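Enquirer: The following file, model22.pdb, comprises PDB, C-alpha atoms and all ligand atoms:
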ATOM      1  CA  THR I 127     -30.646 203.783  73.890  1.00  0.00           C
ATOM      2  CA  VAL I 128     -29.646 202.954  70.353  1.00  0.00           C
ATOM      3  CA  HIS I 129     -30.490 199.395  69.409  1.00  0.00           C
ATOM      4  CA  SER I 130     -29.046 197.438  66.515  1.00  0.00           C
ATOM      5  CA  VAL I 131     -25.417 198.067  67.360  1.00  0.00           C
ATOM      6  CA  SER I 132     -23.691 195.427  69.416  1.00  0.00           C
ATOM      7  CA  ILE I 133     -20.359 194.584  70.907  1.00  0.00           C
ATOM      8  CA  ILE I 134     -19.041 191.253  69.699  1.00  0.00           C
ATOM      9  CA  GLU I 135     -16.326 189.589  71.721  1.00  0.00           C
ATOM     10  CA  ILE I 136     -13.522 188.165  69.599  1.00  0.00           C
ATOM     11  CA  PRO I 137     -12.092 184.906  70.927  1.00  0.00           C
ATOM     12  CA  LYS I 138      -8.742 185.478  72.618  1.00  0.00           C
ATOM     13  CA  ILE I 139      -6.101 182.812  72.954  1.00  0.00           C
ATOM     14  CA  ILE I 140      -3.910 183.584  75.948  1.00  0.00           C
ATOM     15  CA  ASP I 141      -0.529 181.959  75.529  1.00  0.00           C
ATOM     16  CA  GLU I 142       0.466 179.376  78.105  1.00  0.00           C
ATOM     17  CA  ASN I 143       4.116 180.421  77.839  1.00  0.00           C
ATOM     18  CA  SER I 144       3.570 184.163  78.253  1.00  0.00           C
ATOM     19  CA  ARG I 145       4.026 184.923  74.549  1.00  0.00           C
ATOM     20  CA  GLY I 146       1.100 187.330  74.562  1.00  0.00           C
ATOM     21  CA  ASN I 147      -2.382 187.072  73.089  1.00  0.00           C
ATOM     22  CA  LEU I 148      -3.811 185.961  69.779  1.00  0.00           C
ATOM     23  CA  SER I 149      -7.338 186.841  68.694  1.00  0.00           C
ATOM     24  CA  VAL I 150      -8.987 185.268  65.704  1.00  0.00           C
ATOM     25  CA  ILE I 151     -12.081 186.226  63.722  1.00  0.00           C
ATOM     26  CA  GLU I 152     -13.530 183.177  62.037  1.00  0.00           C
ATOM     27  CA  LYS I 153     -16.544 183.565  59.802  1.00  0.00           C
ATOM     28  CA  GLU I 154     -18.909 182.180  62.467  1.00  0.00           C
ATOM     29  CA  ILE I 155     -18.590 185.213  64.730  1.00  0.00           C
ATOM     30  CA  LEU I 156     -19.760 187.729  62.108  1.00  0.00           C
ATOM     31  CA  PRO I 157     -23.300 187.931  60.663  1.00  0.00           C
ATOM     32  CA  PHE I 158     -21.918 188.754  57.194  1.00  0.00           C
ATOM     33  CA  SER I 159     -19.125 187.651  54.931  1.00  0.00           C
ATOM     34  CA  ILE I 160     -16.214 190.036  54.514  1.00  0.00           C
ATOM     35  CA  GLU I 161     -15.956 191.782  51.143  1.00  0.00           C
ATOM     36  CA  ARG I 162     -13.547 194.534  52.170  1.00  0.00           C
ATOM     37  CA  VAL I 163     -11.053 195.451  54.873  1.00  0.00           C
ATOM     38  CA  TYR I 164      -9.746 198.952  55.589  1.00  0.00           C
ATOM     39  CA  TYR I 165      -8.186 200.731  58.544  1.00  0.00           C
ATOM     40  CA  LEU I 166      -7.902 204.195  59.992  1.00  0.00           C
ATOM     41  CA  TYR I 167      -4.560 205.195  61.528  1.00  0.00           C
ATOM     42  CA  ASP I 168      -2.432 208.267  62.287  1.00  0.00           C
ATOM     43  CA  VAL I 169      -5.682 210.023  63.171  1.00  0.00           C
ATOM     44  CA  PRO I 170      -5.061 213.308  65.044  1.00  0.00           C
ATOM     45  CA  SER I 171      -6.682 213.381  68.499  1.00  0.00           C
ATOM     46  CA  ASP I 172      -8.885 216.337  67.494  1.00  0.00           C
ATOM     47  CA  ALA I 173     -10.091 214.764  64.209  1.00  0.00           C
ATOM     48  CA  PHE I 174     -13.546 213.399  63.444  1.00  0.00           C
ATOM     49  CA  ARG I 175     -14.099 210.473  61.079  1.00  0.00           C
ATOM     50  CA  GLY I 176     -17.381 209.044  59.874  1.00  0.00           C
ATOM     51  CA  GLY I 177     -20.293 211.475  60.022  1.00  0.00           C
ATOM     52  CA  HIS I 178     -22.611 209.444  57.823  1.00  0.00           C
ATOM     53  CA  ALA I 179     -24.912 206.427  57.666  1.00  0.00           C
ATOM     54  CA  HIS I 180     -25.116 203.517  55.237  1.00  0.00           C
ATOM     55  CA  LYS I 181     -28.126 202.186  53.386  1.00  0.00           C
ATOM     56  CA  ASN I 182     -26.962 198.598  53.096  1.00  0.00           C
ATOM     57  CA  LEU I 183     -23.428 198.212  54.465  1.00  0.00           C
ATOM     58  CA  ARG I 184     -22.727 196.243  57.635  1.00  0.00           C
ATOM     59  CA  GLN I 185     -19.413 196.810  59.360  1.00  0.00           C
ATOM     60  CA  PHE I 186     -17.410 195.479  62.272  1.00  0.00           C
ATOM     61  CA  LEU I 187     -15.007 197.974  63.895  1.00  0.00           C
ATOM     62  CA  ILE I 188     -12.065 196.724  65.949  1.00  0.00           C
ATOM     63  CA  PRO I 189      -9.647 198.890  67.969  1.00  0.00           C
ATOM     64  CA  ILE I 190      -6.607 196.856  66.950  1.00  0.00           C
ATOM     65  CA  SER I 191      -4.453 199.342  68.853  1.00  0.00           C
ATOM     66  CA  GLY I 192      -5.252 202.220  71.200  1.00  0.00           C
ATOM     67  CA  SER I 193      -8.741 203.588  71.687  1.00  0.00           C
ATOM     68  CA  PHE I 194     -11.395 205.831  70.150  1.00  0.00           C
ATOM     69  CA  ASP I 195     -15.057 206.702  70.673  1.00  0.00           C
ATOM     70  CA  VAL I 196     -17.900 205.807  68.325  1.00  0.00           C
ATOM     71  CA  VAL I 197     -20.923 208.105  68.578  1.00  0.00           C
ATOM     72  CA  ILE I 198     -23.999 206.275  67.329  1.00  0.00           C
ATOM     73  CA  LYS I 199     -27.315 207.922  66.393  1.00  0.00           C
ATOM     74  CA  ASP I 200     -30.470 206.177  65.246  1.00  0.00           C
ATOM     75  CA  GLY I 201     -32.471 209.364  64.693  1.00  0.00           C
ATOM     76  CA  GLN I 202     -33.881 209.352  68.215  1.00  0.00           C
ATOM     77  CA  ALA I 203     -31.208 208.416  70.712  1.00  0.00           C
ATOM     78  CA  THR I 204     -27.465 209.015  70.841  1.00  0.00           C
ATOM     79  CA  ARG I 205     -24.978 206.698  72.450  1.00  0.00           C
ATOM     80  CA  THR I 206     -21.196 206.899  72.772  1.00  0.00           C
ATOM     81  CA  ILE I 207     -19.227 203.684  72.864  1.00  0.00           C
ATOM     82  CA  THR I 208     -15.531 203.651  73.716  1.00  0.00           C
ATOM     83  CA  LEU I 209     -13.620 200.929  71.910  1.00  0.00           C
ATOM     84  CA  ASN I 210     -10.369 200.137  73.692  1.00  0.00           C
ATOM     85  CA  LYS I 211      -9.984 196.350  73.756  1.00  0.00           C
ATOM     86  CA  PRO I 212      -8.523 194.568  70.712  1.00  0.00           C
ATOM     87  CA  ASN I 213     -10.797 191.594  71.398  1.00  0.00           C
ATOM     88  CA  LYS I 214     -14.034 193.599  71.499  1.00  0.00           C
ATOM     89  CA  GLY I 215     -15.468 194.987  68.282  1.00  0.00           C
ATOM     90  CA  LEU I 216     -18.578 196.953  67.387  1.00  0.00           C
ATOM     91  CA  LEU I 217     -21.091 195.711  64.834  1.00  0.00           C
ATOM     92  CA  ILE I 218     -22.917 198.525  63.027  1.00  0.00           C
ATOM     93  CA  VAL I 219     -25.895 197.730  60.820  1.00  0.00           C
ATOM     94  CA  PRO I 220     -27.439 199.939  58.092  1.00  0.00           C
ATOM     95  CA  GLY I 221     -29.448 203.020  59.028  1.00  0.00           C
ATOM     96  CA  ILE I 222     -27.198 204.116  61.883  1.00  0.00           C
ATOM     97  CA  TRP I 223     -25.376 207.449  61.917  1.00  0.00           C
ATOM     98  CA  ARG I 224     -21.794 207.071  63.202  1.00  0.00           C
ATOM     99  CA  GLU I 225     -19.014 209.465  64.150  1.00  0.00           C
ATOM    100  CA  LEU I 226     -15.554 208.433  65.316  1.00  0.00           C
ATOM    101  CA  GLU I 227     -13.573 210.744  67.594  1.00  0.00           C
ATOM    102  CA  ASN I 228     -11.087 210.951  70.479  1.00  0.00           C
ATOM    103  CA  PHE I 229      -8.497 208.746  68.828  1.00  0.00           C
ATOM    104  CA  SER I 230      -5.645 208.004  71.202  1.00  0.00           C
ATOM    105  CA  SER I 231      -2.100 208.360  69.955  1.00  0.00           C
ATOM    106  CA  GLY I 232      -1.242 205.324  67.820  1.00  0.00           C
ATOM    107  CA  ALA I 233      -4.873 204.153  67.618  1.00  0.00           C
ATOM    108  CA  ILE I 234      -5.816 201.902  64.723  1.00  0.00           C
ATOM    109  CA  CYS I 235      -9.427 201.159  63.756  1.00  0.00           C
ATOM    110  CA  LEU I 236      -9.701 198.034  61.655  1.00  0.00           C
ATOM    111  CA  VAL I 237     -12.980 197.737  59.733  1.00  0.00           C
ATOM    112  CA  LEU I 238     -14.389 194.541  58.258  1.00  0.00           C
ATOM    113  CA  ALA I 239     -17.118 195.391  55.764  1.00  0.00           C
ATOM    114  CA  SER I 240     -19.903 193.377  54.161  1.00  0.00           C
ATOM    115  CA  GLU I 241     -19.643 195.121  50.761  1.00  0.00           C
ATOM    116  CA  VAL I 242     -17.051 196.630  48.472  1.00  0.00           C
ATOM    117  CA  TYR I 243     -16.769 200.440  48.462  1.00  0.00           C
ATOM    118  CA  ASP I 244     -19.819 202.146  46.985  1.00  0.00           C
ATOM    119  CA  GLU I 245     -20.237 205.908  47.400  1.00  0.00           C
ATOM    120  CA  SER I 246     -23.954 205.644  46.552  1.00  0.00           C
ATOM    121  CA  ASP I 247     -24.468 203.587  49.742  1.00  0.00           C
ATOM    122  CA  TYR I 248     -23.564 206.614  51.903  1.00  0.00           C
ATOM    123  CA  ILE I 249     -25.967 209.091  53.484  1.00  0.00           C
ATOM    124  CA  ARG I 250     -23.627 211.984  54.267  1.00  0.00           C
ATOM    125  CA  ASP I 251     -26.259 214.616  55.130  1.00  0.00           C
ATOM    126  CA  TYR I 252     -27.771 214.368  58.632  1.00  0.00           C
ATOM    127  CA  GLU I 253     -31.065 215.982  57.567  1.00  0.00           C
ATOM    128  CA  VAL I 254     -31.404 213.447  54.742  1.00  0.00           C
ATOM    129  CA  PHE I 255     -30.617 210.691  57.252  1.00  0.00           C
ATOM    130  CA  LEU I 256     -33.446 211.870  59.531  1.00  0.00           C
ATOM    131  CA  GLU I 257     -35.855 211.947  56.593  1.00  0.00           C
ATOM    132  CA  HIS I 258     -34.938 208.333  55.771  1.00  0.00           C
ATOM    133  CA  LYS I 259     -35.712 207.378  59.384  1.00  0.00           C
ATOM    134  CA  ILE I 260     -39.156 209.001  59.386  1.00  0.00           C
ATOM    135  CA  ARG I 261     -40.277 207.277  56.199  1.00  0.00           C
TER     136      ARG I 261
HETATM  137  C1  LIG T   1     -17.255 204.312  58.009  1.00  0.00           C
HETATM  138  C2  LIG T   1     -16.127 204.841  58.821  1.00  0.00           C
HETATM  139  C3  LIG T   1     -15.914 204.098  60.096  1.00  0.00           C
HETATM  140  C4  LIG T   1     -12.339 204.570  49.367  1.00  0.00           C
HETATM  141  O1  LIG T   1     -11.951 204.887  48.251  1.00  0.00           O
HETATM  142  N1  LIG T   1     -12.560 203.246  49.657  1.00  0.00           N
HETATM  143  C5  LIG T   1     -13.000 202.832  50.878  1.00  0.00           C
HETATM  144  O2  LIG T   1     -13.184 201.621  51.099  1.00  0.00           O
HETATM  145  C6  LIG T   1     -13.251 203.824  51.885  1.00  0.00           C
HETATM  146  C7  LIG T   1     -13.753 203.408  53.255  1.00  0.00           C
HETATM  147  C8  LIG T   1     -13.036 205.142  51.579  1.00  0.00           C
HETATM  148  N2  LIG T   1     -12.588 205.496  50.348  1.00  0.00           N
HETATM  149  C9  LIG T   1     -12.310 206.929  50.054  1.00  0.00           C
HETATM  150  C10 LIG T   1     -13.553 207.790  50.054  1.00  0.00           C
HETATM  151  C11 LIG T   1     -13.037 209.133  50.519  1.00  0.00           C
HETATM  152  O3  LIG T   1     -12.535 209.863  49.417  1.00  0.00           O
HETATM  153  O4  LIG T   1     -11.488 207.439  51.089  1.00  0.00           O
HETATM  154  C12 LIG T   1     -11.832 208.775  51.417  1.00  0.00           C
HETATM  155  C13 LIG T   1     -12.150 208.903  52.894  1.00  0.00           C
HETATM  156  O5  LIG T   1     -13.370 208.204  53.189  1.00  0.00           O
HETATM  157  P1  LIG T   1     -14.384 208.708  54.292  1.00  0.00           P
HETATM  158  O6  LIG T   1     -14.415 210.177  54.350  1.00  0.00           O
HETATM  159  O7  LIG T   1     -15.702 207.998  54.060  1.00  0.00           O
HETATM  160  O8  LIG T   1     -13.671 208.146  55.631  1.00  0.00           O
HETATM  161  P2  LIG T   1     -14.297 208.050  57.081  1.00  0.00           P
HETATM  162  O9  LIG T   1     -13.213 207.599  57.993  1.00  0.00           O
HETATM  163  O10 LIG T   1     -15.015 209.290  57.438  1.00  0.00           O
HETATM  164  O11 LIG T   1     -15.402 206.863  56.988  1.00  0.00           O
HETATM  165  C14 LIG T   1     -14.955 205.533  56.852  1.00  0.00           C
HETATM  166  C15 LIG T   1     -15.909 204.751  55.947  1.00  0.00           C
HETATM  167  O12 LIG T   1     -16.056 205.438  54.699  1.00  0.00           O
HETATM  168  C16 LIG T   1     -17.265 204.575  56.559  1.00  0.00           C
HETATM  169  O13 LIG T   1     -17.995 203.592  55.850  1.00  0.00           O
HETATM  170  O14 LIG T   1     -18.227 203.788  58.545  1.00  0.00           O
HETATM  171  O15 LIG T   1     -14.880 204.912  58.122  1.00  0.00           O
END
Go ahead and express the file in the form of structure tokens.
Ligand code: T46

Expert:
Amino acid sequence: TVHSVSIIEIPKIIDENSRGNLSVIEKEILPFSIERVYYLYDVPSDAFRGGHAHKNLRQFLIPISGSFDVVIKDGQATRTITLNKPNKGLLIVPGIWRELENFSSGAICLVLASEVYDESDYIRDYEVFLEHKIR
């Protein structure tokens, strides 16, 4: 199994008067402070996103709408996690290869990130990723 990824449950406030749910992410539930927010949407069902690792970036992925799969690799094991509940997000730490696939129609992946965008933080070559892991 791949360690160092974890599902974090986002508090959900169920309305007493049947007005639907409200979930809130306060700073206490994340192990980093948010420097950037982005989201993936209108993703075709046969498309793949991700396909890289990060050296330093920590991220929290939330399926705000719909569902998608996150394939996680730590260089030894592979694990596929389906995200399909808007109050359950996935925390991904540095040094983990991730691929996103199987987006449902209308799916939206909201990402809260610990750093601003920095292309030099990416490892986009899987062989290079494996070399990093061995060292
Ligand atoms: C990740 C997965 C889940 C920016 O200019 N700023 C940004 O903040 C981001 C995230 C991307 N970009 C540019 C860089 C590329 O030219 O947008 C283009 C698409 O980015 P990328 O191919 O990295 O997109 P994904 O969906 O494959 O990966 C993204 C994140 O980059 C990555 O950190 O973990 O979503």

Enquirer: Within 6 Å of ligand LIG 1 (chain T), counting all atoms listed in the file: which residues, as a ChimeraX atom specification?

Expert: /I:175-176,243

Enquirer: When you count only C-alpha atoms, which of these residues is closest to Ser193 of chain I: I:Ile249, I:Val131, I:Leu256, I:Ile234?

Expert: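 Nearest candidate to Ser193 of chain I out of I:Ile249, I:Val131, I:Leu256, I:Ile234: I:Ile234.
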
Enquirer: Quick one: everything within 10 Å of segment 209-219 of chain I, counting all atoms listed in the file, minus sequence neighbours fewer than 6 positions away in the same chain. Send it as an NGL selection string.

Expert: :I and (129-138 or 147-151 or 156-157 or 179-196 or 198 or 229-230 or 233-240)

Enquirer: Counting all atoms listed in the file, which residue out of I:Asp244, I:Glu227, I:Asp172, I:Glu253 sits closest to Val197 of chain I?

Expert: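 With all atoms listed in the file as the atom set, the closest residue is I:Glu227.
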
Enquirer: May I ask for the distance between atom CA of Leu226 of chain I and atom CA of Glu154 of chain I, given in Å to one decimal place?

Expert: 26.6 Å

Enquirer: Please check which residues have atoms at most 10 Å from (-34.1, 209.0, 60.1) in the file's coordinates, counting all atoms listed in the file, and write them as a PyMOL selection string.

Expert: chain I and resi 179+199-202+221-223+252-261

Enquirer: Can you work out which one of I:Glu225, I:Glu142, I:Glu161, I:Asp251 has the shortest atom-to-atom distance to Thr206 of chain I, counting only C-alpha atoms?

Expert: I:Glu225

Enquirer: Record the distance separating atom CA of Glu241 of chain I and atom CA of Val163 of chain I, expressed in Å with one decimal.

Expert: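 Separating atom CA of Glu241 of chain I from atom CA of Val163 of chain I is a distance of 9.5 Å.
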
Enquirer: Just checking: using all atoms listed in the file, which residue out of I:Lys153, I:Ser231, I:His178, I:Arg205 ends up closest to Asp247 of chain I?

Expert: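 For Asp247 of chain I, the nearest of the candidates is I:His178.
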